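Q: First the structure, which I've put down as structure tokens, then a few questions once you've had a look.
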Amino acid sequence: MNLSAKDVWESVLGELQLQINANNFNTWLKPTRGISCDNNIFTIGVPNSFVGEWLEKRWMSLIKKTLVSMIGYHIDVKIQVGFDSTGSPEKVRISSEKPVEPVETASPPLLSRYTFDNFIVCDTNRLAHAAAVGVANGPGKSYNPLFLYSGSGLGKTHLLQAIGHAAWTAGHSVLYSNGEQFTNEFVNSIRNRTIEDFRSKYRSPDILLMDDVQFISGKEQTQESFFYTFNDLYNSSRQMVISCDQPPNRLPLLVDRLRSRFEWGIIVDISPPDYESRLAILREKSEKQNLNLTAETLDTIARSPISNVRILEGCLNKLAAHTRLYNEAPSHDVVMKAIEDTCGANPGKRLSPDRVLEIVSNHYGCSKQVILRNDKRDRQTTFLKHIVIYLIRENCSISFANIGEFLGYKDRTSVLYGYGKVAKALKNDEALKQSLDKINQDLHK
Ligand code: ADP
Ligand code: MG
């Protein structure tokens with residue numbers, strides 16, 4: 001089937017209108033026209049060079065993708081200032097034989113609540129937030145790649161997607177993916193012989209947001225493919241934002257050339273929120289969502305050892321549900337129970353408390369019975385007991401109440417206190433940190 005360049009372009013504009021916000025569309029795309037299609041080059045007329053430059057810079061990849069998916073084969077796009085037709089043949093062949101896989105052109109699948117507006121900035125994530133905003137405002141201009149790392153539930157995905165939302169609204173094409181998806185798509189593209197589509201998908205966006213890149217470590221071919229993707233994007237000044245659970249130098253089984261590229265831009269970590277940051281996050285979330293929780297409840301949660309924001313949210317939601325259900329503020333006990341229940345959500349902890357006690361006892365040369373005794377409370381044994389609490393909590397799947405029982409405490413408040421003390425001391429006390437690292441090694445031998 002043959003259609004005129006003008007008609008094809010009208011259809012392309014119809015598609016683009018669905019994908020771009022109205023302001024951008026009206027400013028940059030509406031005043032354009034399809035001029036000709038000649039020798040596999042589609043020419044678009046624009047009213048002035050300013051619009052032309054913007055189309056080249058901001059919209060070209062999206063335009064190409066939409067055009068190609070519309071006509072069914074690959075074609076180059078040229079922009080000309082003015083609407084004169086050069087007299088070249090105007091008809092565009094529309095392929096019905098071998099349709100090109102529709103390339104993803106719709107707005108990237110980002111969670112609507114993961115925006116900068118909903119991200120609460122506190123001391124532990126300030127730098128990561130600032131770097132993310134910088135990248136969203138000037139992709140490819142400041143640091144490339146932006147490499148974010150942290151433990152789970154501390155806001156990496158939220159920040160990556162916030163960059164995506166902001167950049168998309170500003171008119172950049174965005175691709176959000178993650179290590180697992182990249183690997184699966186790569187493997188499938190080899191199996192289905194669609195490697196070209198895979199390549200063009202990952203090498204065309206203005207911004208590639210690659211979440212949880214740790215997934216590709218140890219997978220050599222996938223890493224190689226990502227290496228080439230990286231080079232291509234980097235060389236054409238496209239922005240990459242990468243998240244990971246480790247900094248590049250601690251990522252096991254990562255090929256060196258990829259590791260060194262990850263280090264080219266800026267590497268920023270998000271640390272677990274401390275008490276003040278937790279309180280700030282809880283307050284703001286509770287206020288924004290009208291959760292009706294008292295200052296005391298928020299303070300109790302903030303004082304708990306939960307440092308994963310996802311789990312903090314879980315705890316908050318549980319208590320908000322309680323308030324709605326019973327129409328009253330949750331009691332201290334209910335709050336403590338919610339904290340325990342949500343803390344218990346930490347998976348993968350299987351050591352027995354007795355084993356922890358034994359290793360601590362060996363390490364410090366103090367018998368188990370002495371650590372367990374509650375009648376004689378000198379500073380040294382109390383300190384050891386706190387260490388045992390901390391390590392049980394970190395390594396065994398048991399509640400604070402059960403840790404209390406195991407160590408002969410009457411209530412769990414002392415257990416929470418002990419845990420918090422060690423967690424806090426670990427921030428500054430290098431010797432303690434080394435000592436616990438050593439114990440952890442023994443525990444996991
Ligand atoms: P990660 O990717 O690091 O595992 P996520 O980005 O998925 O963590 O965050 C987990 C949850 O916590 C999400 O619901 C996210 O919105 C929320 N969250 C994390 N940090 C913040 C923050 N600073 N402000 C608001 N919400 C946050
Ligand atoms: Mg994540």
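Quick note on naming: the chains in the structure tokens go A, B, ... in the order shown, residues restart at 1 in each chain, and ligands are numbered from 1 in order of appearance.
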Would you mind listing the residues within 9 Å of ligand 1, counting only C-alpha atoms and all ligand atoms, as an MDAnalysis selection string?
A: chainID A and resid 113:122 124:126 129 149:161 211:212 243:245 270 273 277 281:282 284:285 308:313
Q: DSSP on the backbone: which residues in range 87-303 of chain A end up as helix (DSSP H, G or I)? Give the answer as a PyMOL selection string.
A: chain A and resi 126-137+156-169+179-191+195-203+213-216+220-235+248-250+256-262+275-288+295-303
Q: Pick out the residues sitting within 12 Å of Pro305 in chain A, and hand them over as an NGL selection string; count only C-alpha atoms, and ignore anything fewer than 4 positions along from it in its own chain.
A: :A and (272-275 or 278 or 299-301 or 309 or 311-312 or 336 or 339-340 or 342-344 or 389-390 or 393-394 or 400 or 413 or 415-424)
Q: Measuring atom to atom with only C-alpha atoms and all ligand atoms, identify which of A:Phe215, A:Phe83, A:Trp9, A:Phe25 is nearest to ligand 2.
A: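 Ranked by minimum distance to ligand 2, first place goes to A:Phe215.
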Q: Find the distance between CA of Gln80 in chain A and CA of Ser11 in chain A and write it in Å to one decimal.
A: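 Going from CA of Gln80 in chain A over to CA of Ser11 in chain A covers 19.3 Å.
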Q: Record the distance separating CA of Leu291 in chain A and CA of Leu325 in chain A, expressed in Å with one decimal.
A: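 Computing it gives 12.1 Å between the two atoms.
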Q: Using only C-alpha atoms for the distances, tell me which of A:Ile398, A:Leu251, A:Ile266, A:Val388 is nearest to Gln214 in chain A.
A: A:Leu251
Q: Which is closer to Cys366 in chain A than all the others in A:Lys30, A:Thr381, A:Ser352, A:Pro330, using only C-alpha atoms?
A: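 Checking each candidate against Cys366 in chain A, we get A:Thr381 as the closest.
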Q: Hey, can you check how far CA of Tyr176 in chain A sits from CA of Lys201 in chain A?
A: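 Interatomic distance here is 11.0 Å.
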Q: Rank A:Ser331, A:Gln441, A:Ser177, A:Thr222 by their smallest atom-to-atom distance to ligand 2, using only C-alpha atoms and all ligand atoms, and report the top residue only.
A: A:Ser177
Q: Hey, what's within 9 Å of Gln239 in chain A if we count only C-alpha atoms and toss same-chain stuff fewer than 5 positions away? As a list in words, please?
A: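 Returned residues: Val135, Gly138, Pro139, Gly140, Lys141, Tyr143, Asn144, Pro145, Leu146, Pro205, Asp206, Ile207, Leu208, Leu209, Leu233 and Tyr234 of chain A.
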Q: Next, the residues of the selection above should be written as a JSON list (two decimals), in the first residue's frame with N, CA and C atoms.
A:
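Written out: part-v7.json:
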[["chain", "number", "residue", "atom", "x", "y", "z"],
["A", 135, "VAL", "N", 20.54, 14.91, 37.15],
["A", 135, "VAL", "CA", 20.47, 14.11, 35.93],
["A", 135, "VAL", "C", 19.15, 14.33, 35.20],
["A", 138, "GLY", "N", 19.35, 17.68, 33.37],
["A", 138, "GLY", "CA", 20.26, 17.80, 32.23],
["A", 138, "GLY", "C", 20.84, 16.45, 31.88],
["A", 139, "PRO", "N", 20.02, 15.56, 31.31],
["A", 139, "PRO", "CA", 20.51, 14.21, 31.02],
["A", 139, "PRO", "C", 21.71, 14.24, 30.07],
["A", 140, "GLY", "N", 22.69, 13.41, 30.39],
["A", 140, "GLY", "CA", 23.87, 13.30, 29.54],
["A", 140, "GLY", "C", 24.84, 14.46, 29.71],
["A", 141, "LYS", "N", 24.50, 15.41, 30.57],
["A", 141, "LYS", "CA", 25.34, 16.60, 30.65],
["A", 141, "LYS", "C", 26.27, 16.60, 31.86],
["A", 143, "TYR", "N", 26.81, 13.97, 35.14],
["A", 143, "TYR", "CA", 27.56, 12.75, 35.40],
["A", 143, "TYR", "C", 26.89, 11.60, 34.69],
["A", 144, "ASN", "N", 27.73, 10.82, 34.05],
["A", 144, "ASN", "CA", 27.20, 9.71, 33.29],
["A", 144, "ASN", "C", 28.14, 8.53, 33.42],
["A", 145, "PRO", "N", 27.73, 7.41, 33.95],
["A", 145, "PRO", "CA", 26.41, 7.16, 34.50],
["A", 145, "PRO", "C", 26.27, 7.71, 35.92],
["A", 146, "LEU", "N", 25.03, 7.82, 36.37],
["A", 146, "LEU", "CA", 24.79, 8.00, 37.80],
["A", 146, "LEU", "C", 24.57, 6.60, 38.36],
["A", 205, "PRO", "N", 16.92, 5.15, 23.69],
["A", 205, "PRO", "CA", 16.36, 6.17, 24.58],
["A", 205, "PRO", "C", 17.37, 7.24, 24.97],
["A", 206, "ASP", "N", 16.84, 8.43, 25.28],
["A", 206, "ASP", "CA", 17.72, 9.50, 25.78],
["A", 206, "ASP", "C", 18.24, 9.13, 27.16],
["A", 207, "ILE", "N", 17.39, 8.42, 27.91],
["A", 207, "ILE", "CA", 17.80, 8.02, 29.26],
["A", 207, "ILE", "C", 17.49, 6.55, 29.46],
["A", 208, "LEU", "N", 18.50, 5.80, 29.84],
["A", 208, "LEU", "CA", 18.27, 4.40, 30.21],
["A", 208, "LEU", "C", 18.35, 4.29, 31.73],
["A", 209, "LEU", "N", 17.27, 3.84, 32.33],
["A", 209, "LEU", "CA", 17.25, 3.63, 33.77],
["A", 209, "LEU", "C", 17.38, 2.13, 34.01],
["A", 233, "LEU", "N", 25.41, 4.18, 24.22],
["A", 233, "LEU", "CA", 24.65, 5.27, 24.84],
["A", 233, "LEU", "C", 25.62, 6.36, 25.29],
["A", 234, "TYR", "N", 26.71, 5.95, 25.87],
["A", 234, "TYR", "CA", 27.67, 6.92, 26.39],
["A", 234, "TYR", "C", 28.23, 7.77, 25.25]]
Q: May I ask which of the residues A:Gly179, A:Pro31, A:Gly171, A:Gly45 is the closest one to ligand 2, counting only C-alpha atoms and all ligand atoms?
A: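 Of all the options, A:Gly179 lies closest to ligand 2.
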Q: Taking into account only C-alpha atoms, which residue in the set A:Ile41, A:Ala130, A:Ala321, A:Val51 is nearest to Asn292 in chain A?
A: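 Ranked by minimum distance to Asn292 in chain A, first place goes to A:Ala321.
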Q: Just the residues within 10 Å of Asp442 in chain A, please, counting only C-alpha atoms, with nothing from its chain fewer than 2 positions along; format it as a PyMOL selection string.
A: chain A and resi 356+359-360+363+436-440+444-445
Q: Export N, CA, C and O atoms of the chosen residues as a short mmCIF file (atom, residue, chain, number, x, y, z; two decimals), in the first residue's frame?
A:
data_model
loop_
_atom_site.label_atom_id
_atom_site.label_comp_id
_atom_site.auth_asym_id
_atom_site.auth_seq_id
_atom_site.Cartn_x
_atom_site.Cartn_y
_atom_site.Cartn_z
N VAL A 356 24.32 -18.28 67.81
CA VAL A 356 24.84 -16.91 67.90
C VAL A 356 25.47 -16.71 69.28
O VAL A 356 26.60 -16.21 69.41
N ILE A 359 28.86 -18.44 69.51
CA ILE A 359 29.96 -17.80 68.78
C ILE A 359 30.40 -16.52 69.51
O ILE A 359 31.60 -16.24 69.64
N VAL A 360 29.42 -15.75 70.02
CA VAL A 360 29.79 -14.52 70.74
C VAL A 360 30.57 -14.90 72.00
O VAL A 360 31.59 -14.28 72.34
N HIS A 363 34.04 -15.82 71.01
CA HIS A 363 34.79 -14.68 70.51
C HIS A 363 35.30 -13.79 71.65
O HIS A 363 36.43 -13.32 71.63
N LEU A 436 32.41 -7.50 64.95
CA LEU A 436 31.16 -8.14 64.51
C LEU A 436 31.30 -8.75 63.13
O LEU A 436 30.70 -9.79 62.84
N ASP A 437 32.13 -8.12 62.28
CA ASP A 437 32.39 -8.72 60.96
C ASP A 437 33.00 -10.11 61.14
O ASP A 437 32.62 -11.07 60.47
N LYS A 438 33.94 -10.17 62.08
CA LYS A 438 34.62 -11.45 62.32
C LYS A 438 33.61 -12.49 62.84
O LYS A 438 33.59 -13.64 62.39
N ILE A 439 32.78 -12.06 63.79
CA ILE A 439 31.77 -12.99 64.34
C ILE A 439 30.82 -13.45 63.22
O ILE A 439 30.49 -14.63 63.11
N ASN A 440 30.42 -12.49 62.39
CA ASN A 440 29.51 -12.84 61.28
C ASN A 440 30.15 -13.88 60.36
O ASN A 440 29.49 -14.79 59.88
N HIS A 444 28.69 -17.65 59.59
CA HIS A 444 28.26 -18.12 58.26
C HIS A 444 29.28 -19.05 57.60
O HIS A 444 29.23 -19.26 56.39
N LYS A 445 30.18 -19.57 58.39
CA LYS A 445 31.19 -20.49 57.83
C LYS A 445 30.53 -21.73 57.29
O LYS A 445 29.54 -22.21 57.87
#
Q: Do you know which residues are at most 9 Å from range 369-378 of chain A counting only C-alpha atoms, after dropping those on the same chain fewer than 4 positions away, and could you put them as a list of chain:residue names?
A: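 Neighbouring residues, sequence-local ones excluded: A:Leu357, A:Ser361, A:Thr382, A:Phe383, A:Leu384, A:Lys385, A:Val388, A:Phe406, A:Leu407, A:Gly408, A:Tyr409.
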Q: List the spatial neighbours of Gly34 in chain A as a list of chain:residue names - criterion: any atom at most 9 Å away, only C-alpha atoms, same-chain residues fewer than 5 positions off excluded.
A: A:Ser4, A:Ala5, A:Lys6, A:Asp7, A:Val8, A:Trp9, A:Glu10, A:Phe42, A:Thr43, A:Ile44, A:Gly45, A:Phe83
Q: Give me a file of those residues, with all heavy atoms, as a compact mmCIF listing (two decimals), in the first residue's frame.
A:
# COMPACT_ATOMS: atom_id res chain seq x y z
N SER A 4 0.61 9.03 0.92
CA SER A 4 1.47 10.21 0.77
C SER A 4 2.21 10.46 2.08
O SER A 4 1.74 10.09 3.17
CB SER A 4 0.63 11.42 0.40
OG SER A 4 -0.07 11.85 1.55
N ALA A 5 3.37 11.10 1.95
CA ALA A 5 4.17 11.42 3.14
C ALA A 5 3.34 12.25 4.11
O ALA A 5 3.44 12.11 5.33
CB ALA A 5 5.43 12.17 2.73
N LYS A 6 2.49 13.10 3.53
CA LYS A 6 1.67 13.97 4.37
C LYS A 6 0.72 13.14 5.23
O LYS A 6 0.61 13.33 6.44
CB LYS A 6 0.88 14.92 3.45
CG LYS A 6 0.07 15.95 4.15
CD LYS A 6 -0.38 17.00 3.14
CE LYS A 6 -1.49 17.86 3.73
NZ LYS A 6 -2.77 17.20 3.76
N ASP A 7 0.07 12.15 4.60
CA ASP A 7 -0.88 11.31 5.34
C ASP A 7 -0.18 10.48 6.41
O ASP A 7 -0.66 10.33 7.53
CB ASP A 7 -1.62 10.36 4.38
CG ASP A 7 -2.59 11.14 3.51
OD1 ASP A 7 -2.96 12.27 3.91
OD2 ASP A 7 -2.94 10.65 2.43
N VAL A 8 0.97 9.92 5.99
CA VAL A 8 1.70 9.10 6.96
C VAL A 8 2.08 9.95 8.17
O VAL A 8 1.90 9.56 9.32
CB VAL A 8 2.97 8.50 6.31
CG1 VAL A 8 3.88 7.89 7.36
CG2 VAL A 8 2.59 7.45 5.29
N TRP A 9 2.56 11.13 7.87
CA TRP A 9 2.99 12.00 8.97
C TRP A 9 1.81 12.38 9.88
O TRP A 9 1.93 12.43 11.10
CB TRP A 9 3.70 13.25 8.44
CG TRP A 9 4.28 14.08 9.55
CD1 TRP A 9 3.99 15.36 9.84
CD2 TRP A 9 5.25 13.65 10.52
NE1 TRP A 9 4.71 15.79 10.94
CE2 TRP A 9 5.49 14.75 11.38
CE3 TRP A 9 5.92 12.46 10.76
CZ2 TRP A 9 6.38 14.68 12.45
CZ3 TRP A 9 6.81 12.39 11.83
CH2 TRP A 9 7.02 13.50 12.66
N GLU A 10 0.65 12.60 9.26
CA GLU A 10 -0.54 12.90 10.06
C GLU A 10 -0.81 11.75 11.05
O GLU A 10 -1.13 11.98 12.22
CB GLU A 10 -1.78 13.07 9.16
CG GLU A 10 -1.77 14.34 8.31
CD GLU A 10 -1.88 15.61 9.14
OE1 GLU A 10 -2.66 15.60 10.08
OE2 GLU A 10 -1.15 16.58 8.84
N PHE A 42 12.77 9.82 5.17
CA PHE A 42 11.50 10.52 5.35
C PHE A 42 11.81 11.95 5.78
O PHE A 42 12.53 12.18 6.76
CB PHE A 42 10.68 9.81 6.44
CG PHE A 42 9.25 10.26 6.50
CD1 PHE A 42 8.25 9.57 5.83
CD2 PHE A 42 8.89 11.40 7.23
CE1 PHE A 42 6.93 9.98 5.88
CE2 PHE A 42 7.58 11.82 7.28
CZ PHE A 42 6.59 11.11 6.61
N THR A 43 11.30 12.92 5.03
CA THR A 43 11.62 14.31 5.34
C THR A 43 10.44 14.99 6.03
O THR A 43 9.31 14.91 5.55
CB THR A 43 12.00 15.08 4.07
OG1 THR A 43 13.07 14.38 3.44
CG2 THR A 43 12.46 16.50 4.39
N ILE A 44 10.76 15.64 7.14
CA ILE A 44 9.73 16.36 7.89
C ILE A 44 10.01 17.85 7.76
O ILE A 44 11.15 18.30 7.97
CB ILE A 44 9.79 15.98 9.39
CG1 ILE A 44 9.62 14.48 9.58
CG2 ILE A 44 8.73 16.73 10.19
CD1 ILE A 44 10.04 14.01 10.96
N GLY A 45 9.00 18.63 7.43
CA GLY A 45 9.18 20.08 7.34
C GLY A 45 8.84 20.75 8.66
O GLY A 45 7.87 20.36 9.33
N PHE A 83 8.40 24.27 4.22
CA PHE A 83 7.51 23.19 3.83
C PHE A 83 7.53 22.90 2.34
O PHE A 83 6.63 22.27 1.79
CB PHE A 83 6.08 23.52 4.28
CG PHE A 83 5.98 23.71 5.78
CD1 PHE A 83 5.62 24.94 6.33
CD2 PHE A 83 6.29 22.65 6.64
CE1 PHE A 83 5.56 25.10 7.70
CE2 PHE A 83 6.21 22.81 8.02
CZ PHE A 83 5.85 24.04 8.56
